[in-house]
$ cat work17.txt   # compact mmCIF, C-alpha atoms
# COMPACT_ATOMS: atom_id res chain seq x y z
CA MET N 15 27.01 -14.13 -20.94
CA SER N 16 25.93 -13.14 -17.41
CA ASP N 17 23.18 -14.89 -15.47
CA LEU N 18 21.87 -11.49 -14.33
CA TYR N 19 18.42 -10.13 -15.16
CA TYR N 20 16.07 -7.51 -13.74
CA THR N 21 12.50 -7.69 -12.51
CA ILE N 22 10.27 -5.60 -10.26
CA GLN N 23 10.83 -5.35 -6.52
CA LYS N 24 7.17 -5.24 -5.49
CA PRO N 25 3.74 -4.65 -7.04
CA GLY N 26 3.52 -1.10 -8.38
CA GLU N 27 0.65 1.26 -9.20
CA GLY N 28 0.26 4.57 -10.94
CA ILE N 29 -2.34 6.97 -12.27
CA TYR N 30 -2.29 9.35 -15.23
CA ARG N 31 -4.98 11.83 -16.19
CA GLU N 32 -5.42 13.44 -19.58
CA LYS N 33 -8.44 15.42 -20.86
CA MET N 34 -10.92 13.82 -18.45
CA SER N 35 -9.64 10.28 -19.20
CA LYS N 36 -8.16 8.41 -16.26
CA PHE N 37 -5.48 5.76 -16.74
CA LEU N 38 -4.85 3.41 -13.80
CA SER N 39 -1.68 1.36 -14.13
CA PHE N 40 -0.46 -1.77 -12.37
CA ALA N 41 2.86 -3.62 -12.48
CA ARG N 42 2.84 -7.22 -11.24
CA ARG N 43 5.48 -9.94 -10.98
CA VAL N 44 4.63 -12.96 -13.17
CA ASP N 45 6.88 -15.98 -13.73
CA SER N 46 4.96 -17.72 -16.53
CA VAL N 47 2.58 -16.97 -19.39
CA ASP N 48 -0.22 -18.78 -17.51
CA GLU N 49 0.34 -16.59 -14.47
CA ALA N 50 0.25 -13.46 -16.67
CA LYS N 51 -3.01 -14.57 -18.31
CA GLU N 52 -4.55 -15.33 -14.92
CA GLN N 53 -3.65 -11.84 -13.63
CA ILE N 54 -5.00 -10.20 -16.83
CA LYS N 55 -8.29 -12.03 -16.34
CA GLN N 56 -8.48 -10.75 -12.75
CA PHE N 57 -7.92 -7.15 -13.87
CA GLN N 58 -10.54 -7.51 -16.62
CA ASN N 59 -13.05 -8.82 -14.08
CA GLU N 60 -12.23 -6.18 -11.48
CA TYR N 61 -12.37 -3.29 -13.96
CA HIS N 62 -15.19 -4.62 -16.17
CA ASP N 63 -16.75 -1.13 -16.18
CA ALA N 64 -13.66 0.46 -17.79
CA ARG N 65 -13.54 1.25 -21.50
CA HIS N 66 -10.18 -0.44 -22.07
CA VAL N 67 -7.94 -2.84 -20.11
CA CYS N 68 -4.66 -2.84 -22.07
CA TRP N 69 -1.54 -4.76 -21.15
CA ALA N 70 1.89 -6.13 -22.02
CA TYR N 71 4.12 -8.70 -20.41
CA MET N 72 7.68 -10.01 -20.69
CA ILE N 73 8.67 -13.44 -19.34
CA GLY N 74 11.96 -15.30 -18.83
CA PRO N 75 15.56 -14.28 -18.11
CA GLU N 76 16.31 -14.20 -21.86
CA ARG N 77 13.38 -11.77 -22.37
CA GLN N 78 12.08 -13.71 -25.38
CA THR N 79 8.47 -14.41 -24.37
CA TRP N 80 6.24 -11.36 -24.59
CA GLN N 81 2.81 -10.28 -25.66
CA LEU N 82 0.79 -7.07 -25.77
CA ASN N 83 -2.83 -6.09 -26.27
CA ASP N 84 -4.49 -2.79 -27.26
CA ASN N 85 -7.93 -4.01 -26.11
CA GLY N 86 -9.88 -1.93 -28.61
CA GLU N 87 -7.63 1.14 -28.67
CA PRO N 88 -6.24 2.05 -32.12
CA SER N 89 -3.52 -0.44 -33.09
CA GLY N 90 -0.13 0.36 -31.56
CA THR N 91 -1.37 3.08 -29.19
CA ALA N 92 -1.59 1.08 -25.93
CA GLY N 93 0.16 -2.30 -25.75
CA LYS N 94 3.21 -1.07 -27.66
CA PRO N 95 3.99 1.92 -25.41
CA ILE N 96 3.39 -0.27 -22.34
CA LEU N 97 5.86 -2.87 -23.65
CA GLY N 98 8.20 -0.01 -24.57
CA GLN N 99 8.39 0.97 -20.89
CA ILE N 100 9.08 -2.64 -19.81
CA ASN N 101 11.92 -2.64 -22.35
CA SER N 102 13.30 0.74 -21.35
CA PHE N 103 13.58 -0.51 -17.74
CA ASN N 104 15.10 -3.74 -19.17
CA LEU N 105 12.70 -5.83 -17.07
CA THR N 106 11.35 -9.35 -17.33
CA ASN N 107 8.88 -11.55 -15.41
CA VAL N 108 6.57 -8.57 -15.32
CA LEU N 109 3.04 -7.73 -16.43
CA VAL N 110 1.87 -4.13 -16.81
CA VAL N 111 -1.85 -3.46 -17.09
CA VAL N 112 -3.30 -0.03 -17.85
CA VAL N 113 -7.02 0.50 -17.28
CA ARG N 114 -8.62 3.45 -19.08
CA TYR N 115 -11.76 5.23 -18.01
CA PHE N 116 -12.80 7.35 -20.98
CA GLY N 117 -13.59 10.97 -20.18
CA GLY N 118 -15.51 11.84 -23.33
CA ILE N 119 -12.72 13.70 -25.12
CA LYS N 120 -10.70 11.85 -27.77
CA LEU N 121 -6.94 12.02 -27.24
CA GLY N 122 -5.77 11.18 -30.76
CA THR N 123 -3.04 8.68 -31.60
CA SER N 124 -0.10 10.59 -30.12
CA GLY N 125 -2.11 11.52 -27.03
CA LEU N 126 -2.98 7.87 -26.41
CA ILE N 127 0.62 6.71 -26.89
CA THR N 128 1.83 9.33 -24.40
CA ALA N 129 -0.89 8.46 -21.88
CA TYR N 130 -0.24 4.72 -21.95
CA ARG N 131 3.53 5.25 -21.83
CA GLU N 132 3.33 7.64 -18.86
CA ALA N 133 0.88 5.41 -16.99
CA ALA N 134 3.06 2.31 -17.50
CA MET N 135 6.16 4.24 -16.43
CA SER N 136 4.57 5.43 -13.17
CA ALA N 137 3.55 1.86 -12.20
CA LEU N 138 7.07 0.56 -12.96
CA GLU N 139 8.74 3.40 -11.06
CA ASP N 140 6.50 2.62 -8.10
CA ALA N 141 7.38 -1.09 -8.34
CA GLY N 142 11.15 -0.51 -8.32
CA VAL N 143 13.79 -2.70 -9.94
CA LYS N 144 15.75 -5.59 -8.46
CA GLU N 145 18.49 -7.85 -9.75
CA GLU N 146 17.96 -11.57 -10.03
CA HIS N 147 20.12 -14.40 -11.32
CA LYS N 148 19.32 -17.36 -13.52
CA ARG N 149 19.66 -20.54 -11.54
CA SER N 150 20.79 -24.06 -12.40
CA GLU N 151 19.51 -27.22 -10.76
CA PHE N 152 21.78 -30.16 -10.02
CA LYS N 153 21.13 -33.52 -8.33
CA ILE N 154 23.71 -35.43 -6.35
CA THR N 155 23.66 -38.77 -4.55
CA PHE N 156 26.11 -39.66 -1.80
CA PRO N 157 26.56 -42.02 1.15
CA TYR N 158 25.34 -40.73 4.52
CA MET N 159 29.00 -40.60 5.66
CA ALA N 160 29.63 -37.73 3.20
CA SER N 161 26.67 -35.60 4.29
CA ASN N 162 28.72 -33.28 6.59
CA ASP N 163 31.12 -32.40 3.77
CA VAL N 164 28.25 -31.86 1.34
CA MET N 165 26.31 -29.63 3.76
CA LYS N 166 29.43 -27.54 4.44
CA ILE N 167 29.55 -26.60 0.75
CA VAL N 168 25.79 -26.00 0.62
CA LYS N 169 26.07 -23.58 3.56
CA SER N 170 29.18 -21.80 2.26
CA GLU N 171 27.69 -21.05 -1.18
CA ASP N 172 24.41 -19.42 -2.23
CA ILE N 173 22.69 -22.81 -2.68
CA ASP N 174 19.01 -23.62 -2.17
CA ILE N 175 17.91 -27.18 -1.43
CA VAL N 176 14.98 -28.04 -3.70
CA GLU N 177 14.59 -31.65 -2.60
CA LYS N 178 16.36 -33.87 -0.08
CA VAL N 179 16.35 -37.49 0.98
CA PHE N 180 18.64 -38.50 3.85
CA ASP N 181 18.96 -42.24 4.33
CA ASN N 182 21.82 -44.75 3.94
CA SER N 183 22.06 -43.32 0.48
CA CYS N 184 21.28 -39.59 0.29
CA LEU N 185 19.96 -37.44 -2.50
CA LEU N 186 19.95 -33.68 -2.85
CA LYS N 187 18.48 -31.55 -5.60
CA LEU N 188 20.17 -28.16 -5.44
CA SER N 189 19.60 -24.80 -7.07
CA PHE N 190 22.32 -22.16 -7.46
CA ARG N 191 23.42 -19.24 -9.61
CA GLU N 192 24.19 -20.30 -13.17
CA ASP N 193 27.40 -18.23 -13.21
CA PHE N 194 28.75 -20.27 -10.27
CA SER N 195 27.59 -23.71 -11.42
CA ASP N 196 30.94 -24.98 -12.75
CA ARG N 197 32.72 -24.13 -9.51
CA ILE N 198 29.98 -25.51 -7.25
CA ILE N 199 29.58 -28.77 -9.20
CA LYS N 200 33.36 -29.29 -9.20
CA ARG N 201 33.49 -28.75 -5.41
CA LEU N 202 30.60 -31.17 -4.77
CA LEU N 203 31.92 -33.91 -7.05
CA SER N 204 35.37 -33.71 -5.45
CA ILE N 205 33.90 -35.14 -2.21
CA ASP N 206 34.43 -38.88 -1.78
CA GLY N 207 31.33 -40.86 -2.75
CA VAL N 208 29.41 -37.95 -4.32
CA THR N 209 28.04 -38.66 -7.79
CA GLU N 210 25.72 -36.81 -10.09
CA GLY N 211 22.13 -37.92 -9.56
CA ASN N 212 19.63 -38.52 -12.32

$ encode --input "work17.txt" --output "structure tokens"
Amino acid sequence: MSDLYYTIQKPGEGIYREKMSKFLSFARRVDSVDEAKEQIKQFQNEYHDARHVCWAYMIGPERQTWQLNDNGEPSGTAGKPILGQINSFNLTNVLVVVVRYFGGIKLGTSGLITAYREAAMSALEDAGVKEEHKRSEFKITFPYMASNDVMKIVKSEDIDIVEKVFDNSCLLKLSFREDFSDRIIKRLLSIDGVTEGN
């Protein structure tokens, strides 16, 4: 099982027109359900004059937390094709919102599905895809004497310091790629005086 997952590179936007209806689409990075809901609220406020503000999101490296909303469109014609595009790009930590301004001509079920799919796809293509890695967090405590050896490892690996306390007794909370955690933890704990923190 790899620690690799994909999300968007930057915010993306797109537009799709069909029979006088205009579909504005937006892809945004979100790292939690609360963040997704907050963004949805902002889009609903900003585009309060639109007929429909439909959306779908996917959260978490395992891609298990998702939700979609047709916002008054016939069931399955908006949220589902939007989520379908998130899935076809294999993305997570992303929200896609499609705002529809109705042009007076009905599109029918298949027309709506196509429109929402195309709009979502153009926002995601604009946003681009980037690789990310699941990260593990690990706390260590060590005597000040060992700090040089510890920092050497921190600098030589892809390790972020989340929290640090340097005193007679030092504490570091570290974050690093899950795939590398066994190796990194083994290296750190092999230093004299380093123990796992709690």

$ closest_residue --input "work17.txt" --among "N:Lys178, N:Arg65, N:Lys187, N:Arg77" --to "Tyr115 in chain N" --atoms "all atoms listed in the file"
N:Arg65

$ closest_residue --input "work17.txt" --among "N:Ala141, N:Ile167, N:Ile96, N:Val176" --to "Glu27 in chain N" --atoms "all atoms listed in the file"
N:Ala141

$ residues_near_point --input "work17.txt" --point "(6.3, -4.0, -21.6)" --cutoff "8 Å" --atoms "all atoms listed in the file" --output "list in words"
Trp69, Ala70, Tyr71, Met72, Trp80, Leu82, Gly93, Lys94, Pro95, Ile96, Leu97, Gly98, Gln99, Ile100, Asn101, Val108, Leu109 and Val110 of chain N

$ residues_near_point --input "work17.txt" --point "(-10.0, -4.6, -25.9)" --cutoff "8 Å" --atoms "only C-alpha atoms" --output "CSV table (one decimal) with C-alpha atoms, in the frame of the given file"
chain,number,residue,atom,x,y,z
N,66,HIS,CA,-10.2,-0.4,-22.1
N,67,VAL,CA,-7.9,-2.8,-20.1
N,68,CYS,CA,-4.7,-2.8,-22.1
N,83,ASN,CA,-2.8,-6.1,-26.3
N,84,ASP,CA,-4.5,-2.8,-27.3
N,85,ASN,CA,-7.9,-4.0,-26.1
N,86,GLY,CA,-9.9,-1.9,-28.6
N,87,GLU,CA,-7.6,1.1,-28.7

$ closest_residue --input "work17.txt" --among "N:Ile205, N:Met159, N:Leu105, N:Ala64" --to "Gly142 in chain N" --atoms "only C-alpha atoms"
N:Leu105

$ closest_atom_pairs --input "work17.txt" --of "range 29-115 of chain N" --to "range 123-126 of chain N" --cutoff "9 Å" --atoms "only C-alpha atoms" --output "tab-separated table"
residue	atom	partner	partner_atom	distance
N:Glu32	CA	N:Gly125	CA	8.4
N:Glu87	CA	N:Leu126	CA	8.5
N:Pro88	CA	N:Thr123	CA	7.4
N:Gly90	CA	N:Thr123	CA	8.8
N:Thr91	CA	N:Leu126	CA	5.8
N:Ala92	CA	N:Leu126	CA	6.9

$ atom_distance --input "work17.txt" --atom1 "CA of Met165 in chain N" --atom2 "CA of Arg197 in chain N"
15.7 Å

$ closest_residue --input "work17.txt" --among "N:Val112, N:Leu121, N:Leu18, N:Val44" --to "Glu76 in chain N" --atoms "only C-alpha atoms"
N:Leu18

$ atom_distance --input "work17.txt" --atom1 "CA of Gly118 in chain N" --atom2 "CA of Lys33 in chain N"
8.3 Å

$ closest_residue --input "work17.txt" --among "N:Ser195, N:Lys166, N:Gln23, N:Ser39" --to "Phe57 in chain N" --atoms "only C-alpha atoms"
N:Ser39

$ residues_around --input "work17.txt" --residues "Ile154 in chain N" --least-positions-apart "3" --cutoff "10 Å" --atoms "all atoms listed in the file" --output "NGL selection string"
:N and (164 or 178 or 184-188 or 199 or 202-203 or 208-212)

$ atom_distance --input "work17.txt" --atom1 "CA of Asp196 in chain N" --atom2 "CA of Glu171 in chain N"
12.6 Å

$ closest_residue --input "work17.txt" --among "N:Asn107, N:Thr79, N:Ser16, N:Thr128" --to "Glu49 in chain N" --atoms "all atoms listed in the file"
N:Asn107

$ residues_around --input "work17.txt" --residues "Lys24 in chain N" --least-positions-apart "2" --cutoff "9 Å" --atoms "all atoms listed in the file" --output "number ranges by chain"
N: 22, 26, 41-43, 140-143

$ decode --input "work17.txt" --residues "range 165-176 of chain N" --atoms "all heavy atoms" --output "PDB file, in the first residue's frame"
ATOM      1  N   MET N 165      19.314  16.436  14.600  1.00  0.00           N
ATOM      2  CA  MET N 165      19.075  17.424  13.543  1.00  0.00           C
ATOM      3  C   MET N 165      19.717  17.013  12.220  1.00  0.00           C
ATOM      4  O   MET N 165      19.218  17.350  11.152  1.00  0.00           O
ATOM      5  CB  MET N 165      19.564  18.819  13.972  1.00  0.00           C
ATOM      6  CG  MET N 165      18.751  19.436  15.105  1.00  0.00           C
ATOM      7  SD  MET N 165      16.947  19.304  14.905  1.00  0.00           S
ATOM      8  CE  MET N 165      16.666  20.437  13.555  1.00  0.00           C
ATOM      9  N   LYS N 166      20.813  16.267  12.282  1.00  0.00           N
ATOM     10  CA  LYS N 166      21.435  15.747  11.058  1.00  0.00           C
ATOM     11  C   LYS N 166      20.451  14.864  10.295  1.00  0.00           C
ATOM     12  O   LYS N 166      20.319  14.956   9.081  1.00  0.00           O
ATOM     13  CB  LYS N 166      22.695  14.926  11.413  1.00  0.00           C
ATOM     14  CG  LYS N 166      23.982  15.616  11.040  1.00  0.00           C
ATOM     15  CD  LYS N 166      25.166  14.699  11.318  1.00  0.00           C
ATOM     16  CE  LYS N 166      26.250  15.497  12.010  1.00  0.00           C
ATOM     17  NZ  LYS N 166      27.103  14.727  12.872  1.00  0.00           N
ATOM     18  N   ILE N 167      19.764  13.998  11.030  1.00  0.00           N
ATOM     19  CA  ILE N 167      18.784  13.102  10.399  1.00  0.00           C
ATOM     20  C   ILE N 167      17.593  13.904   9.869  1.00  0.00           C
ATOM     21  O   ILE N 167      17.136  13.696   8.744  1.00  0.00           O
ATOM     22  CB  ILE N 167      18.311  12.000  11.388  1.00  0.00           C
ATOM     23  CG1 ILE N 167      19.476  11.067  11.704  1.00  0.00           C
ATOM     24  CG2 ILE N 167      17.126  11.228  10.821  1.00  0.00           C
ATOM     25  CD1 ILE N 167      19.192  10.017  12.761  1.00  0.00           C
ATOM     26  N   VAL N 168      17.127  14.865  10.671  1.00  0.00           N
ATOM     27  CA  VAL N 168      15.994  15.693  10.250  1.00  0.00           C
ATOM     28  C   VAL N 168      16.313  16.397   8.930  1.00  0.00           C
ATOM     29  O   VAL N 168      15.491  16.440   8.008  1.00  0.00           O
ATOM     30  CB  VAL N 168      15.621  16.721  11.348  1.00  0.00           C
ATOM     31  CG1 VAL N 168      14.629  17.755  10.837  1.00  0.00           C
ATOM     32  CG2 VAL N 168      15.048  15.997  12.568  1.00  0.00           C
ATOM     33  N   LYS N 169      17.557  16.907   8.812  1.00  0.00           N
ATOM     34  CA  LYS N 169      17.943  17.634   7.589  1.00  0.00           C
ATOM     35  C   LYS N 169      18.170  16.695   6.405  1.00  0.00           C
ATOM     36  O   LYS N 169      17.964  17.076   5.261  1.00  0.00           O
ATOM     37  CB  LYS N 169      19.197  18.473   7.859  1.00  0.00           C
ATOM     38  CG  LYS N 169      18.907  19.688   8.716  1.00  0.00           C
ATOM     39  CD  LYS N 169      20.113  20.609   8.799  1.00  0.00           C
ATOM     40  CE  LYS N 169      19.776  21.879   9.572  1.00  0.00           C
ATOM     41  NZ  LYS N 169      20.076  21.761  11.011  1.00  0.00           N
ATOM     42  N   SER N 170      18.608  15.470   6.685  1.00  0.00           N
ATOM     43  CA  SER N 170      18.942  14.567   5.571  1.00  0.00           C
ATOM     44  C   SER N 170      17.716  13.844   4.996  1.00  0.00           C
ATOM     45  O   SER N 170      17.766  13.267   3.929  1.00  0.00           O
ATOM     46  CB  SER N 170      19.982  13.527   6.013  1.00  0.00           C
ATOM     47  OG  SER N 170      19.377  12.581   6.891  1.00  0.00           O
ATOM     48  N   GLU N 171      16.605  13.873   5.738  1.00  0.00           N
ATOM     49  CA  GLU N 171      15.377  13.219   5.266  1.00  0.00           C
ATOM     50  C   GLU N 171      14.322  14.298   4.997  1.00  0.00           C
ATOM     51  O   GLU N 171      14.481  15.440   5.393  1.00  0.00           O
ATOM     52  CB  GLU N 171      14.840  12.266   6.363  1.00  0.00           C
ATOM     53  CG  GLU N 171      15.800  11.167   6.776  1.00  0.00           C
ATOM     54  CD  GLU N 171      15.628   9.896   5.950  1.00  0.00           C
ATOM     55  OE1 GLU N 171      14.863   9.894   4.971  1.00  0.00           O
ATOM     56  OE2 GLU N 171      16.285   8.907   6.306  1.00  0.00           O
ATOM     57  N   ASP N 172      13.238  13.916   4.362  1.00  0.00           N
ATOM     58  CA  ASP N 172      12.136  14.856   4.114  1.00  0.00           C
ATOM     59  C   ASP N 172      11.267  14.901   5.376  1.00  0.00           C
ATOM     60  O   ASP N 172      10.209  14.293   5.446  1.00  0.00           O
ATOM     61  CB  ASP N 172      11.333  14.365   2.892  1.00  0.00           C
ATOM     62  CG  ASP N 172      10.057  15.171   2.689  1.00  0.00           C
ATOM     63  OD1 ASP N 172      10.015  16.329   3.133  1.00  0.00           O
ATOM     64  OD2 ASP N 172       9.098  14.636   2.103  1.00  0.00           O
ATOM     65  N   ILE N 173      11.765  15.613   6.404  1.00  0.00           N
ATOM     66  CA  ILE N 173      11.081  15.657   7.703  1.00  0.00           C
ATOM     67  C   ILE N 173      10.688  17.095   8.031  1.00  0.00           C
ATOM     68  O   ILE N 173      11.505  18.006   7.917  1.00  0.00           O
ATOM     69  CB  ILE N 173      12.002  15.112   8.830  1.00  0.00           C
ATOM     70  CG1 ILE N 173      12.367  13.650   8.565  1.00  0.00           C
ATOM     71  CG2 ILE N 173      11.331  15.252  10.191  1.00  0.00           C
ATOM     72  CD1 ILE N 173      13.343  13.050   9.580  1.00  0.00           C
ATOM     73  N   ASP N 174       9.446  17.290   8.432  1.00  0.00           N
ATOM     74  CA  ASP N 174       8.992  18.606   8.895  1.00  0.00           C
ATOM     75  C   ASP N 174       8.933  18.584  10.418  1.00  0.00           C
ATOM     76  O   ASP N 174       8.514  17.593  11.013  1.00  0.00           O
ATOM     77  CB  ASP N 174       7.591  18.927   8.372  1.00  0.00           C
ATOM     78  CG  ASP N 174       7.564  19.093   6.860  1.00  0.00           C
ATOM     79  OD1 ASP N 174       8.577  19.555   6.303  1.00  0.00           O
ATOM     80  OD2 ASP N 174       6.542  18.746   6.243  1.00  0.00           O
ATOM     81  N   ILE N 175       9.346  19.688  11.032  1.00  0.00           N
ATOM     82  CA  ILE N 175       9.236  19.811  12.490  1.00  0.00           C
ATOM     83  C   ILE N 175       7.898  20.472  12.801  1.00  0.00           C
ATOM     84  O   ILE N 175       7.637  21.598  12.385  1.00  0.00           O
ATOM     85  CB  ILE N 175      10.409  20.630  13.066  1.00  0.00           C
ATOM     86  CG1 ILE N 175      11.730  19.903  12.789  1.00  0.00           C
ATOM     87  CG2 ILE N 175      10.219  20.884  14.552  1.00  0.00           C
ATOM     88  CD1 ILE N 175      12.970  20.694  13.133  1.00  0.00           C
ATOM     89  N   VAL N 176       7.046  19.754  13.515  1.00  0.00           N
ATOM     90  CA  VAL N 176       5.715  20.263  13.850  1.00  0.00           C
ATOM     91  C   VAL N 176       5.773  21.056  15.151  1.00  0.00           C
ATOM     92  O   VAL N 176       5.098  22.059  15.323  1.00  0.00           O
ATOM     93  CB  VAL N 176       4.718  19.079  13.995  1.00  0.00           C
ATOM     94  CG1 VAL N 176       3.324  19.582  14.335  1.00  0.00           C
ATOM     95  CG2 VAL N 176       4.673  18.240  12.722  1.00  0.00           C
TER      96      VAL N 176
END
